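One structure is given here, and the rest of the page talks about it.
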Amino acid sequence: MVARSTDESALIAALRAGDQSAFALLVDEYTPTMLWVARGHVATHAIAEEVVQETWMALVKGISRFEGRSSLRTWLFAVMINIAKARGIRERRDRDAVARFIEATVDTARFHARGDAHAGSWKEPPTAFPESPEGSVLSQELRSIAQRELDKLPERQRSVVTLRDMLGFDSAEVCELLDITAGNQRILLHRGRAAIRQVLEDYVRDDSSVPTDS
Amino acid sequence: MDSTESQGGWRWGTAGFRRRTRALREWATGTRRLRCQEMVELVTLYLEGALDAATHTRFEHHLQQCDGCAGYLEQFRTTVHTVGAIREDQIDPLFRARLLDAFAETAGSW
(Lines give C-alpha, C1' and ligand atoms only; values in the text may rest on other atoms or scores of the structure.)
Protein backbone atom coordinates (compact mmCIF):
# COMPACT_ATOMS: atom_id res chain seq x y z
CA MET A 1 0.00 0.00 0.00
CA VAL A 2 1.17 3.51 -0.74
CA ALA A 3 2.32 5.19 2.42
CA ARG A 4 0.20 8.09 3.54
CA SER A 5 3.17 10.07 4.63
CA THR A 6 1.74 13.34 3.49
CA ASP A 7 -1.26 15.34 4.51
CA GLU A 8 -3.37 15.16 1.41
CA SER A 9 -5.67 18.11 1.94
CA ALA A 10 -2.76 20.45 2.66
CA LEU A 11 -1.07 19.28 -0.53
CA ILE A 12 -4.22 19.80 -2.55
CA ALA A 13 -4.55 23.31 -1.19
CA ALA A 14 -0.93 24.00 -2.14
CA LEU A 15 -1.55 22.55 -5.57
CA ARG A 16 -4.47 24.94 -6.07
CA ALA A 17 -2.07 27.76 -5.32
CA GLY A 18 0.24 26.48 -8.07
CA ASP A 19 2.92 25.18 -5.70
CA GLN A 20 5.25 23.01 -7.75
CA SER A 21 6.91 21.37 -4.74
CA ALA A 22 3.51 20.07 -3.62
CA PHE A 23 3.02 18.65 -7.09
CA ALA A 24 6.46 17.03 -6.98
CA LEU A 25 5.64 15.34 -3.66
CA LEU A 26 2.44 13.87 -5.06
CA VAL A 27 4.18 12.79 -8.25
CA ASP A 28 6.86 10.96 -6.27
CA GLU A 29 4.29 9.24 -4.12
CA TYR A 30 1.87 8.04 -6.76
CA THR A 31 3.59 7.97 -10.14
CA PRO A 32 5.51 4.66 -9.78
CA THR A 33 2.40 2.63 -8.92
CA MET A 34 0.32 4.53 -11.49
CA LEU A 35 2.85 3.51 -14.16
CA TRP A 36 2.75 -0.08 -12.96
CA VAL A 37 -1.04 -0.19 -13.26
CA ALA A 38 -1.12 1.71 -16.57
CA ARG A 39 1.36 -0.72 -18.09
CA GLY A 40 -1.18 -3.48 -17.55
CA HIS A 41 -3.61 -1.70 -19.82
CA VAL A 42 -1.53 -0.40 -22.71
CA ALA A 43 0.98 -1.89 -25.10
CA THR A 44 4.16 0.02 -24.32
CA HIS A 45 5.92 1.81 -21.51
CA ALA A 46 5.89 5.02 -23.55
CA ILE A 47 2.11 4.94 -23.85
CA ALA A 48 1.84 4.21 -20.14
CA GLU A 49 3.89 7.35 -19.44
CA GLU A 50 1.58 9.39 -21.67
CA VAL A 51 -1.44 8.03 -19.84
CA VAL A 52 0.06 8.90 -16.47
CA GLN A 53 1.05 12.36 -17.63
CA GLU A 54 -2.44 12.98 -18.98
CA THR A 55 -3.87 11.91 -15.62
CA TRP A 56 -1.70 14.35 -13.69
CA MET A 57 -2.65 17.15 -16.07
CA ALA A 58 -6.33 16.28 -15.61
CA LEU A 59 -5.82 16.68 -11.87
CA VAL A 60 -3.99 19.98 -12.22
CA LYS A 61 -6.61 21.41 -14.56
CA GLY A 62 -9.48 20.14 -12.44
CA ILE A 63 -7.94 20.80 -9.04
CA SER A 64 -10.19 23.77 -8.32
CA ARG A 65 -13.16 21.46 -8.69
CA PHE A 66 -11.62 18.55 -6.78
CA GLU A 67 -13.86 18.20 -3.79
CA GLY A 68 -11.99 15.45 -2.05
CA ARG A 69 -15.07 13.30 -1.82
CA SER A 70 -13.01 10.34 -2.89
CA SER A 71 -9.43 10.03 -1.77
CA LEU A 72 -6.93 11.54 -4.15
CA ARG A 73 -5.46 8.11 -4.79
CA THR A 74 -8.82 6.62 -5.79
CA TRP A 75 -9.49 9.62 -8.02
CA LEU A 76 -6.12 9.33 -9.75
CA PHE A 77 -6.48 5.62 -10.46
CA ALA A 78 -10.08 5.96 -11.63
CA VAL A 79 -9.22 8.73 -14.09
CA MET A 80 -6.06 6.98 -15.21
CA ILE A 81 -7.75 3.66 -15.89
CA ASN A 82 -10.36 5.43 -17.99
CA ILE A 83 -7.70 7.21 -19.99
CA ALA A 84 -5.78 3.96 -20.43
CA LYS A 85 -8.87 2.14 -21.63
CA ALA A 86 -9.54 4.85 -24.18
CA ARG A 87 -5.97 4.43 -25.44
CA GLY A 88 -6.60 1.04 -26.93
CA ILE A 89 -6.47 -1.91 -24.70
CA ARG A 90 -3.61 -4.32 -24.57
CA GLU A 91 -4.38 -7.57 -26.24
CA ARG A 92 -7.05 -9.30 -24.19
CA ARG A 93 -5.58 -12.57 -23.14
CA ASP A 94 -8.31 -13.25 -20.63
CA ARG A 95 -11.45 -12.14 -22.37
CA ASP A 96 -13.23 -15.23 -21.28
CA ALA A 97 -12.46 -15.15 -17.59
CA VAL A 98 -15.68 -16.79 -16.49
CA ALA A 99 -15.34 -19.77 -18.79
CA ARG A 100 -11.77 -20.18 -17.64
CA PHE A 101 -12.86 -20.50 -14.04
CA ILE A 102 -13.79 -24.10 -14.59
CA GLU A 103 -10.13 -24.74 -15.26
CA ALA A 104 -8.40 -25.84 -12.10
CA THR A 105 -6.00 -23.38 -10.46
CA VAL A 106 -3.96 -26.26 -9.07
CA ASP A 107 -2.54 -28.97 -11.36
CA THR A 108 -4.98 -31.90 -11.26
CA ALA A 109 -1.98 -34.26 -11.07
CA ARG A 110 -1.51 -33.07 -7.49
CA PHE A 111 -4.66 -34.95 -6.45
CA HIS A 112 -5.68 -38.59 -6.45
CA ALA A 113 -7.63 -39.34 -9.60
CA ARG A 114 -11.26 -40.33 -9.96
CA GLY A 115 -11.95 -43.93 -9.05
CA ASP A 116 -9.32 -43.86 -6.33
CA ALA A 117 -10.65 -44.22 -2.78
CA HIS A 118 -8.98 -40.87 -2.03
CA ALA A 119 -10.20 -39.17 -5.20
CA GLY A 120 -9.74 -35.42 -5.04
CA SER A 121 -7.35 -35.52 -2.04
CA TRP A 122 -3.76 -34.35 -2.07
CA LYS A 123 -1.17 -36.88 -3.14
CA GLU A 124 1.57 -34.80 -1.51
CA PRO A 125 0.03 -32.36 0.93
CA PRO A 126 1.40 -28.80 0.63
CA THR A 127 3.12 -27.35 3.63
CA ALA A 128 3.33 -23.70 4.65
CA PHE A 129 6.19 -21.72 3.14
CA PRO A 130 9.19 -21.25 5.43
CA GLU A 131 9.23 -18.20 7.67
CA SER A 132 10.70 -15.22 5.87
CA PRO A 133 11.02 -12.26 8.22
CA GLU A 134 10.66 -8.81 6.69
CA GLY A 135 14.02 -7.76 5.26
CA SER A 136 15.44 -11.29 5.04
CA VAL A 137 17.04 -12.48 1.81
CA LEU A 138 14.26 -15.01 1.35
CA SER A 139 11.50 -12.42 1.70
CA GLN A 140 13.21 -10.22 -0.90
CA GLU A 141 13.55 -13.18 -3.25
CA LEU A 142 9.89 -14.12 -2.83
CA ARG A 143 8.85 -10.52 -3.41
CA SER A 144 10.73 -10.18 -6.67
CA ILE A 145 9.48 -13.56 -7.91
CA ALA A 146 5.93 -12.55 -7.02
CA GLN A 147 6.32 -9.23 -8.82
CA ARG A 148 7.66 -10.89 -11.97
CA GLU A 149 4.73 -13.30 -12.03
CA LEU A 150 2.24 -10.53 -11.30
CA ASP A 151 3.58 -8.68 -14.33
CA LYS A 152 3.03 -11.75 -16.51
CA LEU A 153 -0.61 -12.30 -15.54
CA PRO A 154 -3.36 -11.69 -18.08
CA GLU A 155 -4.41 -8.04 -18.07
CA ARG A 156 -7.46 -8.19 -15.86
CA GLN A 157 -5.94 -10.58 -13.32
CA ARG A 158 -2.89 -8.33 -13.15
CA SER A 159 -5.08 -5.28 -12.55
CA VAL A 160 -7.21 -6.90 -9.88
CA VAL A 161 -4.31 -8.46 -7.95
CA THR A 162 -2.31 -5.22 -8.20
CA LEU A 163 -5.14 -3.04 -6.94
CA ARG A 164 -6.31 -5.43 -4.22
CA ASP A 165 -3.18 -7.07 -2.87
CA MET A 166 -0.34 -4.77 -3.88
CA LEU A 167 -2.05 -1.40 -3.38
CA GLY A 168 -4.68 -2.38 -0.82
CA PHE A 169 -7.85 -1.09 -2.47
CA ASP A 170 -10.94 -2.86 -1.15
CA SER A 171 -13.11 -5.05 -3.34
CA ALA A 172 -15.89 -2.48 -3.84
CA GLU A 173 -13.36 0.11 -5.01
CA VAL A 174 -11.76 -2.34 -7.42
CA CYS A 175 -15.11 -3.33 -8.90
CA GLU A 176 -15.84 0.32 -9.53
CA LEU A 177 -12.39 1.19 -10.87
CA LEU A 178 -12.40 -1.69 -13.34
CA ASP A 179 -16.15 -1.76 -13.95
CA ILE A 180 -16.53 -5.44 -13.14
CA THR A 181 -18.93 -7.42 -10.95
CA ALA A 182 -17.99 -8.60 -7.47
CA GLY A 183 -18.16 -12.21 -8.66
CA ASN A 184 -15.86 -11.59 -11.59
CA GLN A 185 -13.47 -9.68 -9.40
CA ARG A 186 -13.15 -12.63 -7.04
CA ILE A 187 -12.56 -15.04 -9.91
CA LEU A 188 -9.80 -12.86 -11.35
CA LEU A 189 -8.28 -12.33 -7.91
CA HIS A 190 -8.32 -16.04 -7.19
CA ARG A 191 -6.74 -17.05 -10.49
CA GLY A 192 -4.03 -14.40 -10.20
CA ARG A 193 -3.17 -15.27 -6.61
CA ALA A 194 -3.13 -18.99 -7.43
CA ALA A 195 -0.66 -18.42 -10.28
CA ILE A 196 1.65 -16.42 -8.01
CA ARG A 197 1.35 -19.03 -5.24
CA GLN A 198 2.47 -21.66 -7.73
CA VAL A 199 5.71 -19.90 -8.70
CA LEU A 200 6.50 -19.19 -5.06
CA GLU A 201 5.98 -22.86 -4.25
CA ASP A 202 8.19 -23.91 -7.16
CA TYR A 203 10.90 -21.57 -5.92
CA VAL A 204 10.71 -22.71 -2.30
CA ARG A 205 10.79 -26.36 -3.37
CA ASP A 206 13.81 -25.99 -5.62
CA ASP A 207 15.58 -23.87 -3.06
CA SER A 208 15.25 -26.36 -0.23
CA SER A 209 15.49 -29.54 -2.26
CA VAL A 210 18.22 -31.86 -1.16
CA PRO A 211 20.47 -33.13 -3.95
CA THR A 212 19.29 -36.44 -5.29
CA ASP A 213 21.45 -39.42 -4.40
CA SER A 214 22.53 -40.22 -7.91
CA MET B 1 -10.86 -48.19 -10.96
CA ASP B 2 -11.52 -51.61 -9.45
CA SER B 3 -13.29 -54.23 -11.48
CA THR B 4 -16.44 -54.53 -9.39
CA GLU B 5 -17.16 -50.86 -9.93
CA SER B 6 -16.71 -50.82 -13.64
CA GLN B 7 -19.21 -53.50 -14.49
CA GLY B 8 -22.55 -51.92 -13.68
CA GLY B 9 -24.50 -50.93 -10.60
CA TRP B 10 -25.98 -54.29 -9.61
CA ARG B 11 -22.51 -55.76 -9.17
CA TRP B 12 -21.26 -53.26 -6.62
CA GLY B 13 -19.62 -54.82 -3.63
CA THR B 14 -21.05 -54.07 -0.20
CA ALA B 15 -18.38 -51.47 0.52
CA GLY B 16 -19.02 -49.71 -2.75
CA PHE B 17 -22.76 -49.73 -2.09
CA ARG B 18 -22.28 -48.23 1.37
CA ARG B 19 -19.98 -45.59 0.01
CA ARG B 20 -22.44 -44.59 -2.66
CA THR B 21 -25.36 -44.54 -0.24
CA ARG B 22 -23.41 -42.29 2.09
CA ALA B 23 -22.35 -40.04 -0.76
CA LEU B 24 -25.94 -39.74 -1.93
CA ARG B 25 -27.18 -38.92 1.56
CA GLU B 26 -24.45 -36.36 2.09
CA TRP B 27 -25.16 -34.81 -1.26
CA ALA B 28 -28.91 -34.66 -0.57
CA THR B 29 -28.41 -33.03 2.84
CA GLY B 30 -25.63 -30.69 1.75
CA THR B 31 -23.13 -32.12 4.22
CA ARG B 32 -20.84 -33.85 1.77
CA ARG B 33 -17.23 -33.45 2.80
CA LEU B 34 -15.46 -31.04 0.47
CA ARG B 35 -12.64 -32.60 -1.48
CA CYS B 36 -9.20 -31.00 -1.36
CA GLN B 37 -9.52 -30.30 -5.06
CA GLU B 38 -12.65 -28.27 -4.35
CA MET B 39 -11.11 -26.58 -1.33
CA VAL B 40 -8.34 -24.97 -3.38
CA GLU B 41 -10.90 -23.23 -5.57
CA LEU B 42 -12.75 -21.78 -2.57
CA VAL B 43 -9.78 -20.24 -0.77
CA THR B 44 -10.27 -16.69 -2.05
CA LEU B 45 -14.00 -16.78 -1.33
CA TYR B 46 -13.16 -18.01 2.16
CA LEU B 47 -10.60 -15.26 2.77
CA GLU B 48 -13.09 -12.69 1.44
CA GLY B 49 -15.78 -13.96 3.79
CA ALA B 50 -17.93 -14.60 0.72
CA LEU B 51 -18.85 -18.24 1.26
CA ASP B 52 -22.43 -19.01 2.23
CA ALA B 53 -22.81 -20.14 5.83
CA ALA B 54 -23.16 -23.86 5.07
CA THR B 55 -20.12 -23.96 2.78
CA HIS B 56 -18.13 -21.88 5.24
CA THR B 57 -18.81 -24.50 7.92
CA ARG B 58 -17.84 -27.34 5.59
CA PHE B 59 -14.69 -25.47 4.58
CA GLU B 60 -13.56 -25.00 8.18
CA HIS B 61 -14.51 -28.54 9.08
CA HIS B 62 -12.30 -29.86 6.28
CA LEU B 63 -9.52 -27.49 7.27
CA GLN B 64 -9.41 -28.87 10.81
CA GLN B 65 -8.93 -32.38 9.51
CA CYS B 66 -6.61 -31.80 6.58
CA ASP B 67 -3.00 -30.67 7.00
CA GLY B 68 -2.59 -30.35 3.23
CA CYS B 69 -5.39 -27.84 2.85
CA ALA B 70 -4.29 -25.99 5.98
CA GLY B 71 -0.82 -25.79 4.40
CA TYR B 72 -2.31 -24.60 1.13
CA LEU B 73 -4.28 -21.87 2.90
CA GLU B 74 -1.10 -20.74 4.66
CA GLN B 75 0.74 -20.62 1.32
CA PHE B 76 -2.09 -18.53 -0.08
CA ARG B 77 -1.95 -16.13 2.86
CA THR B 78 1.81 -15.79 2.45
CA THR B 79 1.29 -15.12 -1.26
CA VAL B 80 -1.16 -12.29 -0.55
CA HIS B 81 1.17 -10.87 2.07
CA THR B 82 4.16 -11.09 -0.29
CA VAL B 83 2.34 -9.23 -3.06
CA GLY B 84 1.40 -6.61 -0.47
CA ALA B 85 5.08 -6.11 0.30
CA ILE B 86 6.01 -5.33 -3.33
CA ARG B 87 7.32 -1.80 -3.53
CA GLU B 88 7.21 0.08 -6.78
CA ASP B 89 8.79 3.42 -5.98
CA GLN B 90 11.36 4.07 -8.66
CA ILE B 91 10.70 6.95 -10.98
CA ASP B 92 12.67 7.74 -14.11
CA PRO B 93 14.18 11.20 -13.48
CA LEU B 94 13.56 12.26 -17.08
CA PHE B 95 9.90 11.39 -16.82
CA ARG B 96 9.68 13.16 -13.48
CA ALA B 97 11.21 16.30 -15.00
CA ARG B 98 8.75 16.12 -17.87
CA LEU B 99 5.82 16.00 -15.45
CA LEU B 100 7.13 18.97 -13.48
CA ASP B 101 7.61 20.97 -16.70
CA ALA B 102 4.09 20.15 -17.78
CA PHE B 103 2.85 21.31 -14.39
CA ALA B 104 4.70 24.61 -14.68
CA GLU B 105 3.22 25.21 -18.14
CA THR B 106 -0.32 24.30 -17.14
CA ALA B 107 -0.24 26.14 -13.84
CA GLY B 108 1.33 29.15 -15.56
CA SER B 109 -1.45 29.27 -18.14
CA TRP B 110 -4.22 29.86 -15.58
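Residue numbering restarts at 1 for every chain of the C-alpha coordinates, chains are lettered A, B, ... in their displayed order, and ligands are numbered from 1 as they appear.
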Shell of 12 Å around region 77-81 of chain B, only C-alpha atoms, local chain residues under 5 positions omitted, as a VMD selection string: (chain A and resid 1 127 to 134 139 142 to 147 149 to 150 161 to 168 189 to 190 192 to 201) or (chain B and resid 43 to 44 46 to 48 70 to 72 86)
Skipping near chain neighbours, those fewer than 5 positions away, what residues fall within 12 Å of Met57 (chain A) using only C-alpha atoms, listed as a VMD selection string? (chain A and resid 15 23 27 50 to 52 62 to 63 76 79 to 80 83) or (chain B and resid 98 to 107)
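The shortest atom-to-atom distance to chain A, with only C-alpha atoms taken into account, belongs to B:Gly84 out of B:Leu73, B:Gly84, B:Arg20, B:Gln65.
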Given the choices A:Ile47, A:Pro126, A:Thr181, A:Glu8, which gets closest to Arg205 (chain A) if the distance is worked out from only C-alpha atoms? A:Pro126
